[in-house]
Amino acid sequence: MARVAFIGLGNMGGGMAANLAAKGHDVRAFDLSAEALDKAKAAGCLASASATEACDGAEAVVTMLPAGKHVESVYTDSVFGAAPASAILMDCSTIDVATAKRVGEAALAKGLTMVDAPVSGGIAAANAGTLTFMVGGSAEGFDRAQPFLADMGKAVIHAGGSGAGQAAKICNNMVLGAEMIATCEAFLLADKLGLDPQKFFDIASVSSGQSWSLTSYAPWPGVGPETPADRDYQGGFATALMLKDLRLAMEAAASVDADTPMGAKAAELYAAFADAGNGGLDFSAIIKALGKK
């Protein structure tokens, strides 16, 4: 087992760090939140006084941070210069592709190996150790990162070179955001046409309209597996986070002159929903806004 520095112990990072500790790794954890550090200690991690201290002597460094500016700052100010040259660096945050590439290039210039490895699966998967990791970086970096990521997830996939993990993540979530809106619209239309929601689910889930948003994460309460819809849209994947990912996708699309009208409309609808005070609700709660029209 290895000494692992884990920086960023929020809703996702806390569960991920706990899983590494449960697998026997010596996890040196750091977060600005004392409460998050206390939870990490209770889960078997050793609290560090700073990100720099956590990286001292680490064989692997994992970061799970809010945005690109935080990632760049932590690596520039704390990780580079503190982590040994032999350490594998893994940023699991969801950030813009340009920043991911820039930080990866900075690591390479310092003789360090780094991958961008954003995740899919949400808080429940982070806690359960069943995340999917989309990894960008060299083949060597992927091979070195894979065992650590596998201890936190069910699937670890090499997407390509530096930044490819972030590209895969935002493209995947652009599909998810638009798909969920279409699923919500279909449930609402079926209901207004007098079709029982359960019957619609039973039919669509085995027909050409089948999708993950329908069969695994139905936005209508009481149908399919239990989802945030059954908990008044609490928990799950927050609307604010979906909006963040959609905005990253739109920024990326603009940078390469890609036409993404469905993605743009989804971003517009989620922005209006979040601005109305719903940013903390699960993203499937957008069915409430669509139902008012």
# chains A, B, ... in the order shown; residues from 1 in each chain; ligands from 1
>>> residues_around(residues="segment 64-71 of chain A", least_positions_apart="5", cutoff="12 Å", atoms="only C-alpha atoms", output="ChimeraX atom specification")
/A:5-17,29-32,51,76-80,89-104,116-119,126,166,240-241,244-245,248
>>> residues_around(residues="Asp230 of chain A", least_positions_apart="4", cutoff="12 Å", atoms="only C-alpha atoms", output="list in words")
Tyr217, Ala218, Pro219, Trp220, Pro221, Gly222, Val223, Gly224, Pro225, Glu226, Gln234, Gly235, Gly236, Asp282, Ser284 and Ala285 of chain A
>>> write_last_selection(atoms="N, CA and C atoms", output="mmCIF file, in the first residue's frame")
data_model
loop_
_atom_site.group_PDB
_atom_site.id
_atom_site.type_symbol
_atom_site.label_atom_id
_atom_site.label_comp_id
_atom_site.auth_asym_id
_atom_site.auth_seq_id
_atom_site.Cartn_x
_atom_site.Cartn_y
_atom_site.Cartn_z
ATOM 1 N N TYR A 217 -32.526 6.827 -13.398
ATOM 2 C CA TYR A 217 -32.595 8.092 -12.654
ATOM 3 C C TYR A 217 -33.890 8.830 -12.980
ATOM 4 N N ALA A 218 -34.983 8.079 -13.014
ATOM 5 C CA ALA A 218 -36.269 8.652 -13.423
ATOM 6 C C ALA A 218 -36.609 9.895 -12.597
ATOM 7 N N PRO A 219 -36.991 10.999 -13.278
ATOM 8 C CA PRO A 219 -37.308 12.235 -12.573
ATOM 9 C C PRO A 219 -38.725 12.283 -12.006
ATOM 10 N N TRP A 220 -39.517 11.225 -12.243
ATOM 11 C CA TRP A 220 -40.889 11.174 -11.745
ATOM 12 C C TRP A 220 -40.917 10.297 -10.493
ATOM 13 N N PRO A 221 -41.441 10.803 -9.381
ATOM 14 C CA PRO A 221 -41.460 10.019 -8.142
ATOM 15 C C PRO A 221 -42.248 8.722 -8.283
ATOM 16 N N GLY A 222 -41.713 7.673 -7.659
ATOM 17 C CA GLY A 222 -42.465 6.429 -7.566
ATOM 18 C C GLY A 222 -42.333 5.473 -8.719
ATOM 19 N N VAL A 223 -41.525 5.792 -9.722
ATOM 20 C CA VAL A 223 -41.317 4.853 -10.823
ATOM 21 C C VAL A 223 -39.839 4.521 -10.936
ATOM 22 N N GLY A 224 -39.546 3.277 -11.319
ATOM 23 C CA GLY A 224 -38.165 2.866 -11.471
ATOM 24 C C GLY A 224 -37.449 2.747 -10.134
ATOM 25 N N PRO A 225 -36.109 2.612 -10.171
ATOM 26 C CA PRO A 225 -35.333 2.528 -8.933
ATOM 27 C C PRO A 225 -35.465 3.821 -8.125
ATOM 28 N N GLU A 226 -35.172 3.760 -6.845
ATOM 29 C CA GLU A 226 -35.231 4.968 -6.022
ATOM 30 C C GLU A 226 -34.233 5.998 -6.526
ATOM 31 N N GLN A 234 -33.826 15.876 -3.162
ATOM 32 C CA GLN A 234 -32.682 16.159 -2.296
ATOM 33 C C GLN A 234 -31.581 15.141 -2.578
ATOM 34 N N GLY A 235 -30.318 15.588 -2.407
ATOM 35 C CA GLY A 235 -29.202 14.699 -2.666
ATOM 36 C C GLY A 235 -28.955 14.544 -4.158
ATOM 37 N N GLY A 236 -28.149 13.565 -4.522
ATOM 38 C CA GLY A 236 -27.865 13.338 -5.939
ATOM 39 C C GLY A 236 -26.870 14.321 -6.510
ATOM 40 N N ASP A 282 -31.407 18.389 -6.769
ATOM 41 C CA ASP A 282 -30.917 17.491 -7.808
ATOM 42 C C ASP A 282 -31.311 18.015 -9.184
ATOM 43 N N SER A 284 -32.495 16.659 -11.720
ATOM 44 C CA SER A 284 -33.753 16.156 -12.268
ATOM 45 C C SER A 284 -34.955 16.959 -11.779
ATOM 46 N N ALA A 285 -34.742 17.802 -10.761
ATOM 47 C CA ALA A 285 -35.835 18.644 -10.249
ATOM 48 C C ALA A 285 -36.271 19.679 -11.263
#
>>> select_by_dssp(residues="segment 98-274 of chain A", states="strand (DSSP E or B)", output="PyMOL selection string")
chain A and resi 113-116+119-120+131-136+153-160+238
>>> select_by_dssp(residues="segment 102-250 of chain A", states="helix (DSSP H, G or I)", output="ChimeraX atom specification")
/A:102-109,122-128,139-150,164-192,197-204,212-215,228-231,239-250
>>> residues_around(residues="Glu140 of chain A", least_positions_apart="2", cutoff="10 Å", atoms="only C-alpha atoms", output="list in words")
Ile88, Thr113, Met114, Val115, Gly137, Ser138, Phe142, Asp143, Arg144, Ala145 and Gln146 of chain A
>>> atom_distance(atom1="atom CA of Ile170 of chain A", atom2="atom CA of Ala252 of chain A")
8.7 Å
>>> closest_atom_pairs(of="segment 107-215 of chain A", to="segment 259-279 of chain A", cutoff="7 Å", atoms="only C-alpha atoms", output="CSV")
residue,atom,partner,partner_atom,distance
A:Met174,CA,A:Gly263,CA,5.8
A:Gly177,CA,A:Ala266,CA,6.2
A:Ala178,CA,A:Ala266,CA,5.3
>>> atom_distance(atom1="atom CA of Arg247 of chain A", atom2="atom CA of Ala128 of chain A")
28.1 Å
>>> atom_distance(atom1="atom CA of Met180 of chain A", atom2="atom CA of Met152 of chain A")
26.4 Å
>>> residues_around(residues="segment 200-204 of chain A", least_positions_apart="2", cutoff="10 Å", atoms="only C-alpha atoms", output="CSV table (one decimal) with N, CA and C atoms, in the first residue's frame")
chain,number,residue,atom,x,y,z
A,186,ALA,N,-41.0,14.3,-21.5
A,186,ALA,CA,-41.8,13.1,-21.9
A,186,ALA,C,-42.7,12.7,-20.8
A,187,PHE,N,-42.2,12.7,-19.5
A,187,PHE,CA,-43.1,12.3,-18.4
A,187,PHE,C,-44.3,13.2,-18.3
A,190,ALA,N,-46.7,12.7,-21.2
A,190,ALA,CA,-47.5,11.5,-21.0
A,190,ALA,C,-48.6,11.6,-19.9
A,191,ASP,N,-48.2,12.3,-18.8
A,191,ASP,CA,-49.2,12.6,-17.8
A,191,ASP,C,-50.4,13.4,-18.3
A,195,LEU,N,-51.7,9.2,-19.7
A,195,LEU,CA,-51.0,8.0,-19.7
A,195,LEU,C,-50.4,7.8,-18.3
A,196,ASP,N,-50.6,6.7,-17.6
A,196,ASP,CA,-50.1,6.5,-16.3
A,196,ASP,C,-48.5,6.6,-16.3
A,197,PRO,N,-47.9,7.3,-15.5
A,197,PRO,CA,-46.4,7.4,-15.5
A,197,PRO,C,-45.7,6.1,-15.4
A,198,GLN,N,-46.2,5.2,-14.6
A,198,GLN,CA,-45.6,3.9,-14.4
A,198,GLN,C,-45.7,3.1,-15.8
A,206,VAL,N,-38.1,-0.1,-22.2
A,206,VAL,CA,-37.7,-1.3,-23.0
A,206,VAL,C,-37.9,-1.0,-24.5
A,207,SER,N,-38.0,0.3,-24.8
A,207,SER,CA,-38.2,0.7,-26.2
A,207,SER,C,-37.1,1.7,-26.6
A,208,SER,N,-37.3,2.3,-27.8
A,208,SER,CA,-36.2,3.1,-28.3
A,208,SER,C,-36.0,4.4,-27.5
A,209,GLY,N,-36.9,4.8,-26.6
A,209,GLY,CA,-36.7,5.9,-25.8
A,209,GLY,C,-35.9,5.7,-24.6
A,210,GLN,N,-35.4,4.4,-24.4
A,210,GLN,CA,-34.7,4.1,-23.2
A,210,GLN,C,-33.4,4.9,-23.1
A,211,SER,N,-33.1,5.3,-21.8
A,211,SER,CA,-31.9,6.1,-21.5
A,211,SER,C,-31.6,5.9,-20.1
A,214,LEU,N,-33.9,7.8,-17.8
A,214,LEU,CA,-35.2,7.2,-17.7
A,214,LEU,C,-35.1,6.0,-16.8
A,215,THR,N,-34.3,5.0,-17.1
A,215,THR,CA,-34.3,3.7,-16.4
A,215,THR,C,-33.6,3.7,-15.1
A,218,ALA,N,-35.0,8.1,-13.0
A,218,ALA,CA,-36.3,8.7,-13.4
A,218,ALA,C,-36.6,9.9,-12.6
A,220,TRP,N,-39.5,11.2,-12.2
A,220,TRP,CA,-40.9,11.2,-11.7
A,220,TRP,C,-40.9,10.3,-10.5
A,223,VAL,N,-41.5,5.8,-9.7
A,223,VAL,CA,-41.3,4.9,-10.8
A,223,VAL,C,-39.8,4.5,-10.9
A,224,GLY,N,-39.5,3.3,-11.3
A,224,GLY,CA,-38.2,2.9,-11.5
A,224,GLY,C,-37.4,2.7,-10.1
>>> closest_residue(among="A:Ile157, A:Leu281, A:Cys45, A:Val175", to="Ala238 of chain A", atoms="only C-alpha atoms")
A:Leu281
>>> residues_around(residues="Glu53 of chain A", least_positions_apart="4", cutoff="8 Å", atoms="only C-alpha atoms", output="NGL selection string")
:A and (48-49 or 82)
>>> residues_around(residues="Gly153 of chain A", least_positions_apart="3", cutoff="7 Å", atoms="only C-alpha atoms", output="ChimeraX atom specification")
/A:129-132,149-150
